Each structure stands twice: as structure tokens, then as C-alpha cells.
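Asker: Take this structure first; my questions come after.
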Amino acid sequence: MADFFELDFLDVETKSSGDAICIRYELNGETYIHVVDGGYQSTYDKIAGHLKNHYGAPSFINHVVATHNDGDHTGGLQEVLGNYDVGCFWMLGPWNYADELLPRFKNYTSADNLRKKLRSVYSNLATLEDIAKKRGITIGEPFQGAQIGAFRVMAPTKQRFLDLVASSEKTPEEAGLSEALTAAAKRTFVKVANLVKAVWGAEYFPPEDTSSENEMSVVQYAHLCGRKLLLTGDTGRGGLNEIISYAPAVGLTLPGIDRFQVPHHGGRHNVNTELLDKLLGARLDQQPSSGNFTAVISSAKEDEDHPRKSVVRAMIHRGAKVVTTEGHSIVSYGGETNGHGWGKATPVDYPDEQED
């Protein structure tokens, strides 16, 4: 049983949203520190300052996790790996599975050539791997079932990860370039959405899924101080399905999450009503007077696309207190800690309109 935990979502304030999470918890008298994603390269100073001011200026970090390749998650981790002693760095580098993937890429006859291609395509993760190897940091594979300290990896499975790499728009040799461009065009088109008035409980999510890269996100779950924590990165509907299917294996009864990281900064291509019903519970008949659980959205004030109002509504429909990192960091804590003495976060108001 954990003695305390601090789960801190740092504000990544650029024109686009990003993720940077610091975690500290104590088990059986021993303290552990994790960093999950690092925002952009400019975010590193904020991470370092947070560790210094609130975590006792540690020189050692037990676990560093890069959920996926996107630069708004990996940038700041370069300096984290370079400036701290790290127990284990967790990442999924597609090139490490080139031998298994080779039969699925008709334009490649050499695993070495495919490996080079994948390293260039997923260059953010490749750079982090190089830093970790140079510093002698152990590199772990965070596939479903892996244990990262007190956290269990819920997604992705290895097979789904390989499928995502093979079908990615970044690696179009398998599916065909025209098909990949068509999928990309669809996602670009649906970014433009009108707002329409909607009654309580009404939900609409577009049929198009999020990108394969987002779906590669490492999802982690922990049960600390009686609180069930779920960190989703940018995972999509495929990842949520894996979480739901795998939950019984880790003793997680759904619904029942207490601290929920809303995927992809509140993107509406990552969730839908059916999955949220299973994961977080059915829609309530009316808005509760106070939240039954906390839903955290890592979003920047200048980011006009995130969070989507339809996603904020869906969280509140299920009884969530929704908070964002716009202009401030969010700390969630349990046990013998006071959350750094910070004040209470102001919940997001319920939107009376959503994207069409």
C-alpha cells in the first residue's frame, strides 16, 4: 500500500498543447520518482524546476517514460536523460522490430534498410534511445503487462503496436501512398468543425480515428492510496479497447477510475460514447453538484483545437471534475502529502454546445 503519491501535470504553454508529467510516491518507506513525457525541448526547465522545488532536488529518477514519438511529448526528455541518473528509460522504438516487420513492407528486402528508415521516421525516439545508450541507461519495453514501478502498462500489446507501425501514414510502403494520404486528408478536413447547441447528455464524435502514432501511446495504470490512476498519453479508441479488455487481469473493475488523463489533450478522435461508458461509466441523468472523479486535460491556453467541447461534455456527463493545465500545473495527490501547498484547481464549466 502506498504511503503517499503526487501526480503532477505540468503546464506546457506553447501554441500547441503538450504533455509533461512528474510523479512521486512512497511504498514501504522508499520514495520513487517517475517522469512521463517531457513536452517540448523548452519544457525541460519547467520539469527540472519542479523536481528541484517540490521533489527535493533529486539526482536520480527511477523511471522515465516516452509514451510515443510526437515532439510535444519527447522534446524535454532529451535533457532529462542527459542530466539525471535514470534507473530505466521506457520506450517503443519501431526499428527494434524491423526483422518482424520486414515481410509487411514490400519495398524493403533488408531489415537493416527498414531499420534505418524507421529510425529516420521516428527520429525523436531514436534520439532518446541514443542518449540513453550513451549514458548506460537501461531501456525497457513498455508493452501491455510490463511493470513500471507501481504502474502497469495497459496498452499497447506488441501485436497491435506492430500493426500500427505497418499501417502508419509515416511508413506508407505497406498500405500504399494514396490510401495513406486519403486518411490524412480526412483528419485534416474534420479539424474544421462548427459549434452547435446541445442538450445535457447529447454526444457526437466523428467516425475517423486518431493517427497510428497516437495509438502507439503507452498507457499506464496504478492503484495508489486507494486511488486508481490512468495515464493515457495520446492513445485512441484502439488503446481504450485494450485497456477495457485487460482491466480484469490487473484487478481493475471498470468503471472506477479516480484520476483520468484525457487522451490527446481532449481530442475527439480518441474517444467515443460506447468506450467512455465502459471505461468511466454511463451518462448521468443530470449534472452532479460535485465531481465523482477527476479528469485532467493537458492543454495550452493558445491551443484553439484542444480541448474539444464535445470531450469536456462527455467527461462531465459521467460525473467528472474536469481540470486543464491552461496557465497552471495540476497536482493530484493522496496519502500523507499536501499537494505542495497549492490551491484548489477551478473546474471547467459545462459547455452548452459541441462540435458538429
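All residue names refer to the C-alpha cells as shown: chains lettered A, B, ... in order, residues numbered from 1 in each chain, ligands numbered from 1 in order.
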Just the alpha helix (DSSP H) stuff from stretch 280-345 of chain A, please, per backbone DSSP, written as a count of residues only.
Answerer: 10
Asker: Using only C-alpha atoms, I'd like a table of the residues in stretch 117-224 of chain A that come within 10 Å of stretch 49-73 of chain A; for each, show the closest atom pair and its distance in Å rounded to one decimal, ordered by chain and ascending number, as JSON lines.
Answerer:
```
{"residue": "A:Val121", "atom": "CA", "partner": "A:Asn69", "partner_atom": "CA", "distance": 9.4}
{"residue": "A:Tyr122", "atom": "CA", "partner": "A:Asn69", "partner_atom": "CA", "distance": 6.1}
{"residue": "A:Ser123", "atom": "CA", "partner": "A:Asn69", "partner_atom": "CA", "distance": 7.7}
{"residue": "A:Asn124", "atom": "CA", "partner": "A:Asn69", "partner_atom": "CA", "distance": 5.7}
{"residue": "A:Leu125", "atom": "CA", "partner": "A:Asn69", "partner_atom": "CA", "distance": 5.5}
{"residue": "A:Ala126", "atom": "CA", "partner": "A:Asn69", "partner_atom": "CA", "distance": 8.9}
{"residue": "A:Leu128", "atom": "CA", "partner": "A:Ala66", "partner_atom": "CA", "distance": 8.8}
{"residue": "A:Thr138", "atom": "CA", "partner": "A:His63", "partner_atom": "CA", "distance": 9.9}
{"residue": "A:Ile139", "atom": "CA", "partner": "A:Val64", "partner_atom": "CA", "distance": 9.6}
{"residue": "A:Gly140", "atom": "CA", "partner": "A:Val65", "partner_atom": "CA", "distance": 9.2}
{"residue": "A:Pro142", "atom": "CA", "partner": "A:Val65", "partner_atom": "CA", "distance": 8.6}
{"residue": "A:Ile148", "atom": "CA", "partner": "A:His63", "partner_atom": "CA", "distance": 7.2}
{"residue": "A:Gly149", "atom": "CA", "partner": "A:His63", "partner_atom": "CA", "distance": 7.6}
{"residue": "A:Glu213", "atom": "CA", "partner": "A:His68", "partner_atom": "CA", "distance": 7.0}
{"residue": "A:Asn214", "atom": "CA", "partner": "A:His68", "partner_atom": "CA", "distance": 7.1}
{"residue": "A:Glu215", "atom": "CA", "partner": "A:His68", "partner_atom": "CA", "distance": 8.7}
{"residue": "A:Met216", "atom": "CA", "partner": "A:His68", "partner_atom": "CA", "distance": 6.2}
{"residue": "A:Ser217", "atom": "CA", "partner": "A:Thr67", "partner_atom": "CA", "distance": 4.8}
{"residue": "A:Val218", "atom": "CA", "partner": "A:Thr67", "partner_atom": "CA", "distance": 4.6}
{"residue": "A:Val219", "atom": "CA", "partner": "A:Thr67", "partner_atom": "CA", "distance": 7.4}
{"residue": "A:Gln220", "atom": "CA", "partner": "A:Thr67", "partner_atom": "CA", "distance": 9.4}
```
Asker: Given the choices A:Met91, A:Leu254, A:Ala295, A:Ala193, which gets closest to A:Asp130 if the distance is worked out from only C-alpha atoms?
Answerer: A:Met91
Asker: Using only C-alpha atoms, which residues sit within 12 Å of A:Lys46 once same-chain residues fewer than 3 positions away are excluded, as number ranges by chain?
Answerer: A: 8-13, 19-22, 38-43, 49-54, 76-77, 79-80, 328-329
Asker: Excluding same-chain residues fewer than 2 positions from A:Leu27, what lies within 10 Å of it counting only C-alpha atoms, as a PDB file with N, CA and C atoms, in the first residue's frame?
Answerer:
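Wrote selection06.pdb, looks like this:
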```
ATOM      1  N   MET A   1       0.849  -1.197   0.000  1.00  0.00           N
ATOM      2  CA  MET A   1       0.000   0.000   0.000  1.00  0.00           C
ATOM      3  C   MET A   1       0.882   1.244   0.000  1.00  0.00           C
ATOM      4  N   ALA A   2       0.569   2.199  -0.876  1.00  0.00           N
ATOM      5  CA  ALA A   2       1.354   3.417  -0.956  1.00  0.00           C
ATOM      6  C   ALA A   2       1.126   4.290   0.272  1.00  0.00           C
ATOM      7  N   ASP A   3       2.171   4.962   0.744  1.00  0.00           N
ATOM      8  CA  ASP A   3       2.062   5.901   1.845  1.00  0.00           C
ATOM      9  C   ASP A   3       1.579   7.271   1.353  1.00  0.00           C
ATOM     10  N   PHE A   4       2.010   7.659   0.144  1.00  0.00           N
ATOM     11  CA  PHE A   4       1.519   8.884  -0.482  1.00  0.00           C
ATOM     12  C   PHE A   4       1.839   8.839  -1.967  1.00  0.00           C
ATOM     13  N   PHE A   5       1.163   9.688  -2.725  1.00  0.00           N
ATOM     14  CA  PHE A   5       1.536   9.890  -4.119  1.00  0.00           C
ATOM     15  C   PHE A   5       1.270  11.330  -4.509  1.00  0.00           C
ATOM     16  N   TYR A  25       5.977   8.978  -5.387  1.00  0.00           N
ATOM     17  CA  TYR A  25       5.167   8.200  -4.451  1.00  0.00           C
ATOM     18  C   TYR A  25       6.085   7.413  -3.535  1.00  0.00           C
ATOM     19  N   GLY A  29       8.162   2.843   2.722  1.00  0.00           N
ATOM     20  CA  GLY A  29       9.245   3.692   3.194  1.00  0.00           C
ATOM     21  C   GLY A  29      10.243   4.122   2.143  1.00  0.00           C
ATOM     22  N   GLU A  30      10.086   3.675   0.892  1.00  0.00           N
ATOM     23  CA  GLU A  30      11.006   4.055  -0.173  1.00  0.00           C
ATOM     24  C   GLU A  30      10.291   4.957  -1.173  1.00  0.00           C
ATOM     25  N   THR A  31      10.956   6.046  -1.553  1.00  0.00           N
ATOM     26  CA  THR A  31      10.364   7.017  -2.458  1.00  0.00           C
ATOM     27  C   THR A  31      10.796   6.750  -3.896  1.00  0.00           C
ATOM     28  N   TYR A  32       9.833   6.875  -4.800  1.00  0.00           N
ATOM     29  CA  TYR A  32      10.081   6.658  -6.230  1.00  0.00           C
ATOM     30  C   TYR A  32       9.668   7.907  -7.000  1.00  0.00           C
ATOM     31  N   GLY A 149       7.605   0.353 -11.992  1.00  0.00           N
ATOM     32  CA  GLY A 149       7.390   0.720 -10.602  1.00  0.00           C
ATOM     33  C   GLY A 149       6.026   0.246 -10.149  1.00  0.00           C
ATOM     34  N   ALA A 150       5.204   1.163  -9.640  1.00  0.00           N
ATOM     35  CA  ALA A 150       3.859   0.812  -9.190  1.00  0.00           C
ATOM     36  C   ALA A 150       2.848   0.795 -10.337  1.00  0.00           C
ATOM     37  N   LEU A 224      -2.881   3.586  -6.073  1.00  0.00           N
ATOM     38  CA  LEU A 224      -2.068   4.167  -5.005  1.00  0.00           C
ATOM     39  C   LEU A 224      -2.966   4.883  -4.002  1.00  0.00           C
ATOM     40  N   CYS A 225      -2.761   4.588  -2.741  1.00  0.00           N
ATOM     41  CA  CYS A 225      -3.517   5.244  -1.670  1.00  0.00           C
ATOM     42  C   CYS A 225      -5.021   5.158  -1.900  1.00  0.00           C
TER      43      CYS A 225
END
```
Asker: What is the distance between atom CA of A:Leu240 and atom CA of A:Asn272, in Å to one decimal?
Answerer: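 These two atoms are separated by 9.8 Å.
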Asker: I'd like the interatomic distance between atom CA of A:Glu274 and atom CA of A:Val262, to a tenth of an Å.
Answerer: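 The value is 15.6 Å.
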Asker: So how many Å separate atom CA of A:Gly327 and atom CA of A:Glu302, to one decimal?
Answerer: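 Computing it gives 9.8 Å between the two atoms.
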Asker: Identify, on the basis of only C-alpha atoms, every residue whose closest approach to A:Ser120 does not exceed 12 Å; exclude the query and any residue fewer than 5 positions from it along the same chain; express the result as a list in words.
Answerer: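 Surrounding residues, per the criterion: Asn69, Gly93, Pro94, Trp95, Asn113, Leu114, Arg115, Leu125, Ala126, Thr127, Lys170 and Thr171 of chain A.
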Asker: Which residues are close to A:Tyr97, i.e. within 10 Å by only C-alpha atoms, leaving aside same-chain residues fewer than 4 positions away? Reply as a ChimeraX atom specification.
Answerer: /A:92-93,101-102,111,114-115,118,158,162,165
Asker: Take the residues that were just selected and, keeping N, CA and C atoms, output them as a PDB file, in the first residue's frame.
Answerer:
```pdb
ATOM      1  N   LEU A  92       9.085   2.568 -26.978  1.00  0.00           N
ATOM      2  CA  LEU A  92       8.864   1.570 -28.021  1.00  0.00           C
ATOM      3  C   LEU A  92       9.403   2.133 -29.333  1.00  0.00           C
ATOM      4  N   GLY A  93      10.588   1.674 -29.732  1.00  0.00           N
ATOM      5  CA  GLY A  93      11.211   2.102 -30.977  1.00  0.00           C
ATOM      6  C   GLY A  93      10.860   1.136 -32.094  1.00  0.00           C
ATOM      7  N   LEU A 101       8.871  -6.977 -38.821  1.00  0.00           N
ATOM      8  CA  LEU A 101       8.065  -6.146 -39.698  1.00  0.00           C
ATOM      9  C   LEU A 101       8.407  -6.302 -41.179  1.00  0.00           C
ATOM     10  N   LEU A 102       9.601  -6.773 -41.477  1.00  0.00           N
ATOM     11  CA  LEU A 102      10.090  -6.798 -42.854  1.00  0.00           C
ATOM     12  C   LEU A 102       9.109  -7.428 -43.846  1.00  0.00           C
ATOM     13  N   ALA A 111      16.279  -5.992 -43.599  1.00  0.00           N
ATOM     14  CA  ALA A 111      15.855  -5.493 -42.291  1.00  0.00           C
ATOM     15  C   ALA A 111      16.685  -4.285 -41.872  1.00  0.00           C
ATOM     16  N   LEU A 114      15.238  -1.246 -43.576  1.00  0.00           N
ATOM     17  CA  LEU A 114      13.975  -0.890 -42.926  1.00  0.00           C
ATOM     18  C   LEU A 114      14.246  -0.262 -41.571  1.00  0.00           C
ATOM     19  N   ARG A 115      15.217  -0.784 -40.868  1.00  0.00           N
ATOM     20  CA  ARG A 115      15.570  -0.244 -39.548  1.00  0.00           C
ATOM     21  C   ARG A 115      16.006   1.218 -39.681  1.00  0.00           C
ATOM     22  N   LEU A 118      12.943   3.405 -40.361  1.00  0.00           N
ATOM     23  CA  LEU A 118      12.106   3.618 -39.178  1.00  0.00           C
ATOM     24  C   LEU A 118      12.780   4.545 -38.179  1.00  0.00           C
ATOM     25  N   LYS A 158       2.002  -5.934 -28.080  1.00  0.00           N
ATOM     26  CA  LYS A 158       3.039  -5.926 -29.106  1.00  0.00           C
ATOM     27  C   LYS A 158       2.442  -6.103 -30.491  1.00  0.00           C
ATOM     28  N   LEU A 162       2.845  -3.460 -33.633  1.00  0.00           N
ATOM     29  CA  LEU A 162       3.425  -3.783 -34.933  1.00  0.00           C
ATOM     30  C   LEU A 162       2.450  -3.475 -36.061  1.00  0.00           C
ATOM     31  N   VAL A 165       2.537   0.275 -36.668  1.00  0.00           N
ATOM     32  CA  VAL A 165       3.733   0.696 -37.406  1.00  0.00           C
ATOM     33  C   VAL A 165       3.572   0.389 -38.886  1.00  0.00           C
TER      34      VAL A 165
END
```
Asker: So that I can check the surroundings of A:Asp349, please list as a list in words every protein, DNA and RNA residue that reaches within 10 Å of it, counting only C-alpha atoms and ignoring chain neighbours fewer than 4 positions away.
Answerer: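 Result of the neighbour search: Val312, Arg313, Ile316, Lys321, Val322 and Val323 of chain A.
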Asker: Just list as a count of residues only whatever in stretch 89-320 of chain A DSSP marks as strand (DSSP E).
Answerer: 35
Asker: Of the candidates A:Arg318, A:Arg24, A:Ala247, A:Ala98, which shows the shortest atom-to-atom distance to A:Ser290, using only C-alpha atoms?
Answerer: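 Closest residue, counting only C-alpha atoms: A:Arg318.
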